[in-house]
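Data block for model_37.cif (mmCIF, C-alpha atoms):
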```cif
data_protein
#
loop_
_atom_site.group_PDB
_atom_site.id
_atom_site.type_symbol
_atom_site.label_atom_id
_atom_site.label_comp_id
_atom_site.auth_asym_id
_atom_site.auth_seq_id
_atom_site.Cartn_x
_atom_site.Cartn_y
_atom_site.Cartn_z
ATOM 1 C CA ALA A 1 -84.923 -30.658 30.806
ATOM 2 C CA VAL A 2 -86.399 -28.738 33.712
ATOM 3 C CA LEU A 3 -83.307 -26.571 34.215
ATOM 4 C CA TYR A 4 -81.241 -25.277 31.311
ATOM 5 C CA ASN A 5 -79.178 -22.225 30.358
ATOM 6 C CA GLN A 6 -77.750 -22.244 33.854
ATOM 7 C CA LEU A 7 -74.842 -20.106 34.993
ATOM 8 C CA ARG A 8 -71.583 -21.796 35.919
ATOM 9 C CA PRO A 9 -71.153 -22.400 39.688
ATOM 10 C CA GLU A 10 -67.719 -20.756 39.457
ATOM 11 C CA PHE A 11 -69.330 -17.546 38.241
ATOM 12 C CA VAL A 12 -72.194 -17.691 40.752
ATOM 13 C CA ALA A 13 -69.697 -18.031 43.622
ATOM 14 C CA SER A 14 -67.438 -15.203 42.416
ATOM 15 C CA TYR A 15 -70.375 -12.925 41.669
ATOM 16 C CA ALA A 16 -71.795 -13.418 45.176
ATOM 17 C CA ALA A 17 -68.477 -12.252 46.651
ATOM 18 C CA SER A 18 -67.890 -9.348 44.232
ATOM 19 C CA PRO A 19 -68.681 -5.676 44.925
ATOM 20 C CA GLY A 20 -72.062 -4.895 43.458
ATOM 21 C CA GLY A 21 -72.876 -8.586 43.125
ATOM 22 C CA GLY A 22 -74.772 -10.854 45.456
ATOM 23 C CA ALA A 23 -76.275 -14.265 45.964
ATOM 24 C CA LEU A 24 -78.491 -15.543 43.141
ATOM 25 C CA SER A 25 -81.600 -17.639 43.587
ATOM 26 C CA PRO A 26 -81.589 -21.106 41.994
ATOM 27 C CA ASP A 27 -85.344 -20.675 41.449
ATOM 28 C CA ALA A 28 -85.012 -17.610 39.219
ATOM 29 C CA PHE A 29 -86.752 -17.984 35.834
ATOM 30 C CA THR A 30 -88.305 -21.312 36.861
ATOM 31 C CA GLY A 31 -91.806 -22.471 37.601
ATOM 32 C CA PHE A 32 -90.745 -22.943 41.216
ATOM 33 C CA GLY A 33 -89.798 -19.294 41.536
ATOM 34 C CA GLY A 34 -93.146 -18.150 40.222
ATOM 35 C CA PHE A 35 -94.681 -18.778 43.646
ATOM 36 C CA ASP A 36 -92.184 -16.495 45.374
ATOM 37 C CA ARG A 37 -93.343 -12.977 46.172
ATOM 38 C CA GLU A 38 -89.876 -11.751 45.232
ATOM 39 C CA ALA A 39 -89.858 -13.573 41.888
ATOM 40 C CA ARG A 40 -89.398 -10.416 39.799
ATOM 41 C CA ALA A 41 -86.534 -9.203 41.945
ATOM 42 C CA LEU A 42 -84.864 -12.632 41.854
ATOM 43 C CA ASN A 43 -85.196 -12.804 38.068
ATOM 44 C CA ARG A 44 -83.867 -9.261 37.726
ATOM 45 C CA ALA A 45 -80.824 -10.135 39.830
ATOM 46 C CA VAL A 46 -79.967 -13.049 37.529
ATOM 47 C CA SER A 47 -80.451 -10.845 34.454
ATOM 48 C CA GLU A 48 -78.018 -8.283 35.907
ATOM 49 C CA ALA A 49 -75.538 -11.039 36.710
ATOM 50 C CA THR A 50 -75.735 -12.327 33.144
ATOM 51 C CA LYS A 51 -75.111 -8.825 31.799
ATOM 52 C CA HIS A 52 -72.041 -8.627 34.042
ATOM 53 C CA LEU A 53 -70.835 -11.992 32.772
ATOM 54 C CA LEU A 54 -71.182 -11.012 29.111
ATOM 55 C CA GLY A 55 -70.101 -7.402 29.535
ATOM 56 C CA SER A 56 -67.129 -7.894 31.877
ATOM 57 C CA ILE A 57 -66.104 -11.502 32.482
ATOM 58 C CA VAL A 58 -66.180 -12.618 28.837
ATOM 59 C CA PRO A 59 -64.084 -9.650 27.586
ATOM 60 C CA GLU A 60 -61.677 -10.049 30.519
ATOM 61 C CA THR A 61 -61.286 -13.730 29.691
ATOM 62 C CA CYS A 62 -60.565 -12.923 26.060
ATOM 63 C CA ARG A 63 -57.970 -10.319 27.010
ATOM 64 C CA TRP A 64 -56.334 -12.756 29.424
ATOM 65 C CA LEU A 65 -56.158 -15.477 26.773
ATOM 66 C CA VAL A 66 -54.605 -13.111 24.235
ATOM 67 C CA ARG A 67 -52.121 -11.483 26.617
ATOM 68 C CA ALA A 68 -50.997 -14.871 27.933
ATOM 69 C CA LYS A 69 -51.017 -16.391 24.421
ATOM 70 C CA ARG A 70 -53.153 -19.165 25.897
ATOM 71 C CA SER A 71 -54.262 -21.562 23.162
ATOM 72 C CA LEU A 72 -57.390 -23.645 23.701
ATOM 73 C CA ASP A 73 -57.066 -27.246 22.573
ATOM 74 C CA ASN A 74 -59.715 -29.944 22.873
ATOM 75 C CA ALA A 75 -58.631 -30.927 26.379
ATOM 76 C CA SER A 76 -58.204 -27.437 27.853
ATOM 77 C CA LEU A 77 -61.147 -25.575 26.294
ATOM 78 C CA ALA A 78 -63.923 -26.477 28.728
ATOM 79 C CA PRO A 79 -61.795 -26.500 31.926
ATOM 80 C CA THR A 80 -60.243 -23.118 31.065
ATOM 81 C CA LEU A 81 -63.525 -21.364 30.330
ATOM 82 C CA HIS A 82 -65.390 -23.037 33.190
ATOM 83 C CA ALA A 83 -62.681 -22.055 35.694
ATOM 84 C CA ARG A 84 -63.362 -18.415 34.793
ATOM 85 C CA GLY A 85 -67.127 -18.920 35.034
ATOM 86 C CA VAL A 86 -67.813 -18.835 31.288
ATOM 87 C CA ASN A 87 -70.233 -21.360 29.775
ATOM 88 C CA LEU A 88 -69.319 -22.944 26.451
ATOM 89 C CA ARG A 89 -72.546 -21.588 24.996
ATOM 90 C CA PHE A 90 -70.958 -18.131 25.254
ATOM 91 C CA MET A 91 -68.184 -18.997 22.787
ATOM 92 C CA GLY A 92 -70.042 -16.898 20.225
ATOM 93 C CA HIS A 93 -69.777 -13.833 22.439
ATOM 94 C CA MET A 94 -66.085 -14.600 22.921
ATOM 95 C CA ARG A 95 -65.497 -14.796 19.171
ATOM 96 C CA ARG A 96 -67.137 -11.405 18.691
ATOM 97 C CA VAL A 97 -64.824 -9.868 21.314
ATOM 98 C CA LEU A 98 -61.759 -11.577 19.844
ATOM 99 C CA LEU A 99 -62.473 -10.410 16.305
ATOM 100 C CA ARG A 100 -62.843 -6.850 17.580
ATOM 101 C CA MET A 101 -59.509 -7.240 19.356
ATOM 102 C CA ALA A 102 -58.007 -8.506 16.109
ATOM 103 C CA GLU A 103 -58.861 -5.124 14.574
ATOM 104 C CA SER A 104 -58.036 -2.807 17.479
ATOM 105 C CA GLU A 105 -55.142 -4.230 19.510
ATOM 106 C CA PRO A 106 -51.985 -2.088 19.193
ATOM 107 C CA ASN A 107 -49.669 -5.109 19.299
ATOM 108 C CA VAL A 108 -49.469 -7.022 16.007
ATOM 109 C CA GLY A 109 -48.836 -10.318 17.782
ATOM 110 C CA ASP A 110 -51.922 -9.812 19.940
ATOM 111 C CA ARG A 111 -54.043 -8.998 16.876
ATOM 112 C CA GLU A 112 -52.891 -12.148 15.086
ATOM 113 C CA PHE A 113 -53.422 -14.340 18.145
ATOM 114 C CA ALA A 114 -56.900 -12.909 18.778
ATOM 115 C CA ASN A 115 -57.866 -13.580 15.163
ATOM 116 C CA ALA A 116 -56.541 -17.163 15.306
ATOM 117 C CA LEU A 117 -58.318 -17.822 18.603
ATOM 118 C CA GLY A 118 -61.569 -16.464 17.196
ATOM 119 C CA HIS A 119 -61.342 -18.835 14.239
ATOM 120 C CA ALA A 120 -60.510 -21.730 16.583
ATOM 121 C CA LEU A 121 -63.650 -21.032 18.603
ATOM 122 C CA LEU A 122 -65.733 -20.937 15.417
ATOM 123 C CA MET A 123 -64.397 -24.345 14.424
ATOM 124 C CA GLU A 124 -65.238 -25.729 17.876
ATOM 125 C CA MET A 125 -68.778 -24.344 17.650
ATOM 126 C CA VAL A 126 -69.241 -25.840 14.185
ATOM 127 C CA ALA A 127 -67.912 -29.200 15.392
ATOM 128 C CA ARG A 128 -70.395 -29.197 18.267
ATOM 129 C CA GLN A 129 -73.278 -28.295 15.950
ATOM 130 C CA MET A 130 -72.210 -31.163 13.686
ATOM 131 C CA LYS A 131 -72.287 -33.458 16.721
ATOM 132 C CA TRP A 132 -75.866 -32.405 17.519
ATOM 133 C CA ASP A 133 -76.831 -32.901 13.854
ATOM 134 C CA LEU A 134 -75.348 -36.384 13.846
ATOM 135 C CA ARG A 135 -77.114 -37.351 17.055
ATOM 136 C CA SER A 136 -80.409 -36.229 15.542
ATOM 137 C CA ILE A 137 -79.717 -38.192 12.365
ATOM 138 C CA MET A 138 -78.775 -41.279 14.371
ATOM 139 C CA ARG A 139 -81.946 -41.023 16.462
ATOM 140 C CA ARG A 140 -84.055 -40.960 13.293
ATOM 141 C CA SER A 141 -82.150 -43.837 11.690
ATOM 142 C CA THR A 142 -82.036 -46.109 14.742
ATOM 143 C CA GLY A 143 -85.122 -45.120 16.700
ATOM 144 C CA LYS A 144 -83.056 -44.874 19.887
ATOM 145 C CA PRO A 145 -83.570 -41.710 21.987
ATOM 146 C CA ASP A 146 -79.905 -41.475 22.983
ATOM 147 C CA GLY A 147 -78.808 -41.496 19.345
ATOM 148 C CA ALA A 148 -76.790 -44.712 19.667
ATOM 149 C CA ALA A 149 -76.370 -46.376 16.312
ATOM 150 C CA GLY A 150 -76.383 -49.892 17.706
ATOM 151 C CA GLN A 151 -73.281 -51.001 15.830
ATOM 152 C CA GLY A 152 -70.034 -49.128 15.344
ATOM 153 C CA GLU A 153 -70.077 -49.822 11.623
ATOM 154 C CA ALA A 154 -73.495 -48.167 11.198
ATOM 155 C CA LEU A 155 -72.299 -45.125 13.121
ATOM 156 C CA GLU A 156 -69.204 -44.857 10.943
ATOM 157 C CA VAL A 157 -71.320 -44.922 7.775
ATOM 158 C CA ILE A 158 -73.586 -42.144 9.034
ATOM 159 C CA VAL A 159 -70.643 -39.993 10.135
ATOM 160 C CA SER A 160 -68.709 -40.540 6.902
ATOM 161 C CA GLN A 161 -71.741 -39.618 4.745
ATOM 162 C CA TYR A 162 -72.427 -36.518 6.815
ATOM 163 C CA LEU A 163 -68.813 -35.374 6.632
ATOM 164 C CA ALA A 164 -68.702 -36.119 2.903
ATOM 165 C CA LEU A 165 -71.474 -33.581 2.405
ATOM 166 C CA GLY A 166 -70.140 -30.973 4.793
ATOM 167 C CA LEU A 167 -66.473 -31.233 3.853
ATOM 168 C CA SER A 168 -67.149 -31.214 0.110
ATOM 169 C CA TYR A 169 -66.112 -34.778 -0.615
ATOM 170 C CA GLY A 170 -69.314 -35.399 -2.577
ATOM 171 C CA GLY A 171 -72.283 -37.558 -1.704
ATOM 172 C CA GLY A 172 -74.541 -36.731 1.205
ATOM 173 C CA ILE A 173 -76.908 -38.039 3.842
ATOM 174 C CA GLY A 174 -79.833 -38.661 1.509
ATOM 175 C CA LYS A 175 -82.660 -40.481 3.253
ATOM 176 C CA LEU A 176 -81.048 -39.921 6.653
ATOM 177 C CA GLY A 177 -82.208 -36.317 6.704
ATOM 178 C CA LEU A 178 -79.829 -33.999 4.871
ATOM 179 C CA SER A 179 -79.243 -33.606 1.184
ATOM 180 C CA GLY A 180 -77.930 -31.093 -1.304
ATOM 181 C CA ASP A 181 -74.469 -29.730 -1.892
ATOM 182 C CA ALA A 182 -71.889 -27.983 0.264
ATOM 183 C CA ASP A 183 -73.469 -24.565 -0.356
ATOM 184 C CA VAL A 184 -76.793 -25.799 1.034
ATOM 185 C CA PHE A 185 -75.047 -27.495 3.952
ATOM 186 C CA TRP A 186 -73.136 -24.390 5.040
ATOM 187 C CA ASP A 187 -76.053 -22.039 4.390
ATOM 188 C CA ARG A 188 -78.062 -24.147 6.831
ATOM 189 C CA MET A 189 -75.147 -24.145 9.280
ATOM 190 C CA ARG A 190 -75.177 -20.343 9.306
ATOM 191 C CA VAL A 191 -78.866 -20.410 10.230
ATOM 192 C CA VAL A 192 -78.729 -22.954 13.054
ATOM 193 C CA LEU A 193 -75.338 -22.045 14.561
ATOM 194 C CA PRO A 194 -76.333 -18.601 15.939
ATOM 195 C CA ALA A 195 -79.356 -20.206 17.584
ATOM 196 C CA LYS A 196 -76.976 -22.290 19.721
ATOM 197 C CA PHE A 197 -74.143 -19.781 20.041
ATOM 198 C CA ARG A 198 -75.403 -16.206 19.979
ATOM 199 C CA CYS A 199 -73.224 -13.572 18.303
ATOM 200 C CA CYS A 200 -70.971 -16.271 16.832
ATOM 201 C CA LEU A 201 -71.059 -14.943 13.252
ATOM 202 C CA THR A 202 -70.196 -11.524 11.892
ATOM 203 C CA GLU A 203 -72.490 -9.254 9.902
ATOM 204 C CA GLU A 204 -70.463 -10.083 6.796
ATOM 205 C CA GLU A 205 -70.939 -13.818 7.340
ATOM 206 C CA LEU A 206 -74.685 -13.361 7.831
ATOM 207 C CA GLN A 207 -75.317 -10.722 5.161
ATOM 208 C CA THR A 208 -78.179 -11.614 2.851
ATOM 209 C CA THR A 209 -79.625 -10.233 -0.338
ATOM 210 C CA ARG A 210 -82.966 -10.708 -2.043
ATOM 211 C CA GLU A 211 -82.872 -12.860 -5.148
ATOM 212 C CA LYS A 212 -83.768 -11.002 -8.327
ATOM 213 C CA GLY A 213 -87.453 -11.277 -9.108
ATOM 214 C CA GLY A 214 -88.254 -13.243 -5.998
ATOM 215 C CA ARG A 215 -88.961 -13.014 -2.313
ATOM 216 C CA ARG A 216 -86.304 -15.451 -1.193
ATOM 217 C CA LEU A 217 -83.241 -14.203 0.661
ATOM 218 C CA ARG A 218 -79.829 -15.755 0.134
ATOM 219 C CA PHE A 219 -76.443 -15.268 1.769
ATOM 220 C CA VAL A 220 -74.094 -12.909 -0.043
ATOM 221 C CA MET A 221 -71.126 -15.081 0.930
ATOM 222 C CA SER A 222 -71.661 -18.534 -0.580
ATOM 223 C CA GLY A 223 -71.663 -21.589 1.641
ATOM 224 C CA ARG A 224 -68.502 -22.929 0.033
ATOM 225 C CA SER A 225 -66.737 -19.596 0.477
ATOM 226 C CA PHE A 226 -67.723 -19.500 4.156
ATOM 227 C CA PHE A 227 -66.405 -23.028 4.627
ATOM 228 C CA ARG A 228 -63.121 -22.503 2.813
ATOM 229 C CA THR A 229 -62.204 -19.136 4.329
ATOM 230 C CA ARG A 230 -63.431 -19.595 7.923
ATOM 231 C CA LEU A 231 -62.827 -23.276 8.684
ATOM 232 C CA VAL A 232 -59.169 -23.360 7.798
ATOM 233 C CA ASP A 233 -58.222 -26.782 9.210
ATOM 234 C CA HIS A 234 -60.578 -29.279 7.614
ATOM 235 C CA TRP A 235 -58.735 -32.330 8.942
ATOM 236 C CA TRP A 236 -58.963 -30.999 12.491
ATOM 237 C CA LEU A 237 -62.698 -30.463 12.046
ATOM 238 C CA LYS A 238 -63.207 -34.023 10.834
ATOM 239 C CA ALA A 239 -61.156 -35.470 13.714
ATOM 240 C CA ARG A 240 -62.929 -33.289 16.278
ATOM 241 C CA VAL A 241 -66.404 -34.324 15.104
ATOM 242 C CA CYS A 242 -65.411 -37.992 15.274
ATOM 243 C CA GLU A 243 -64.071 -37.439 18.786
ATOM 244 C CA LEU A 244 -67.286 -35.734 19.932
ATOM 245 C CA VAL A 245 -69.493 -38.563 18.645
ATOM 246 C CA GLY A 246 -67.209 -41.272 20.037
ATOM 247 C CA LEU A 247 -65.361 -42.504 16.950
ATOM 248 C CA GLU A 248 -61.602 -42.906 16.867
#
```
In structure tokens, what does this structure look like?
Amino acid sequence: AVLYNQLRPEFVASYAASPGGGALSPDAFTGFGGFDREARALNRAVSEATKHLLGSIVPETCRWLVRAKRSLDNASLAPTLHARGVNLRFMGHMRRVLLRMAESEPNVGDREFANALGHALLMEMVARQMKWDLRSIMRRSTGKPDGAAGQGEALEVIVSQYLALGLSYGGGIGKLGLSGDADVFWDRMRVVLPAKFRCCLTEEELQTTREKGGRRLRFVMSGRSFFRTRLVDHWWLKARVCELVGLE
């Protein structure tokens, strides 16, 4: 894609009208903008706007969700965040704020709700990463760039094998691109997930140690432990992944 990592239009509009804000150039950080004499200033303005989004808007959104006890289900997640100018790719930043709130809020109910919402966002991020994994697997198995499996039955087989590996039912993807056990699956997930959703995992979840007598690093928290303690609703996760890839 030529343009990616864009800011939400809702945020751009509100930022332009806010004190200390201003209009942002659509050519910032693009090849088009490189020909502009003011390119550095335009890029700097977008960087400052992004800092404002992450430093002010994201925490304000988290506080609003917790105070209002506003749950985010599959249907309301994107519209709710987008209306406040927050991209879904910033769910990791939101989880970090929510987990801090879960430790510091004076109200017990707010702490519990913030913790639950943080876990819900983690599950949504994992489900979306699983969707991207499945699309990649389907592209390799079908040779179609859009990842379509051709027949619904073939898609169901791929999804069921993938979920069998990830949700500890046994089996695995084998020749389709992933193999191993649940520990391997979730160790990999903890590597790729922060690349899509920055700040989505805690230091504890990412802590590594060097294997005795070797150079290889491994996670202190096992993959299975991460899966069982963080992704509390396994049936929801399975249903959500199927929904994202178009299976009922």
Give as number ranges by chain the set of residues within 12 Å of the point (-55.2, -16.8, 28.7), where distances use the file's coordinates and all atoms listed in the file.
-> A: 58-72, 76-77, 80-81, 83-84, 110, 113-114, 117
Who sits within 7 Å of Arg8 of chain A, all atoms listed in the file, same chain under 3 positions skipped, as a count of residues only | 6
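Distances from A:Lys131, A:Ala75, A:Leu54, A:Leu247 to Val157 of chain A were compared using only C-alpha atoms, and the smallest one belongs to A:Leu247.
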Determine, counting all atoms listed in the file, which protein, DNA and RNA residues have an atom within 12 Å of an atom of segment 121-125 of chain A; residues of the same chain fewer than 5 positions away are not included. Present the result as a PyMOL selection string.
-> chain A and resi 62+71-75+77-78+81+88-99+114-116+130-132+189-190+192-202+205+226-241+243-244
Would you list the contacts of segment 21-27 of chain A as a PyMOL selection string, taking every protein, DNA or RNA residue within 12 Å and counting only C-alpha atoms, but skipping same-chain residues closer than 3 positions in sequence?
-> chain A and resi 2-9+11-18+30-36+38-53
Quick one: 8 Å padding each side, axis-aligned, all listed atoms of segment 52-68 of chain A - centre and edge lengths in Å to one decimal, as JSON?
```
{"center_x": -61.5, "center_y": -11.4, "center_z": 29.1, "size_x": 37.0, "size_y": 24.1, "size_z": 25.8}
```
Rounded to one decimal in Å, what is the spacing between atom CA of Arg188 of chain A and atom CA of Arg139 of chain A?
->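 Separating atom CA of Arg188 of chain A from atom CA of Arg139 of chain A is a distance of 19.8 Å.
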Interatomic distance (Å, one decimal) between atom CA of Leu167 of chain A and atom CA of Gln129 of chain A =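 If I compute the distance from atom CA of Leu167 of chain A to atom CA of Gln129 of chain A, I get 14.2 Å.
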To one decimal in Å, tell me the separation between atom CA of Ala127 of chain A and atom CA of Pro79 of chain A.
->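 Computing the Euclidean distance for atom CA of Ala127 of chain A and atom CA of Pro79 of chain A yields 17.8 Å.
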Give the answer as one residue: which of A:Gly223, A:Gly55, A:Pro106, A:Gly246 has the shortest atom-to-atom distance to Asp181 of chain A, using all atoms listed in the file?
-> A:Gly223
Give as a ChimeraX atom specification the residues that the PyMOL selection byres ((chain A and resi 207-210) around 12) matches when applied to the coordinates above.
-> /A:187,190-191,201-206,211-223,226
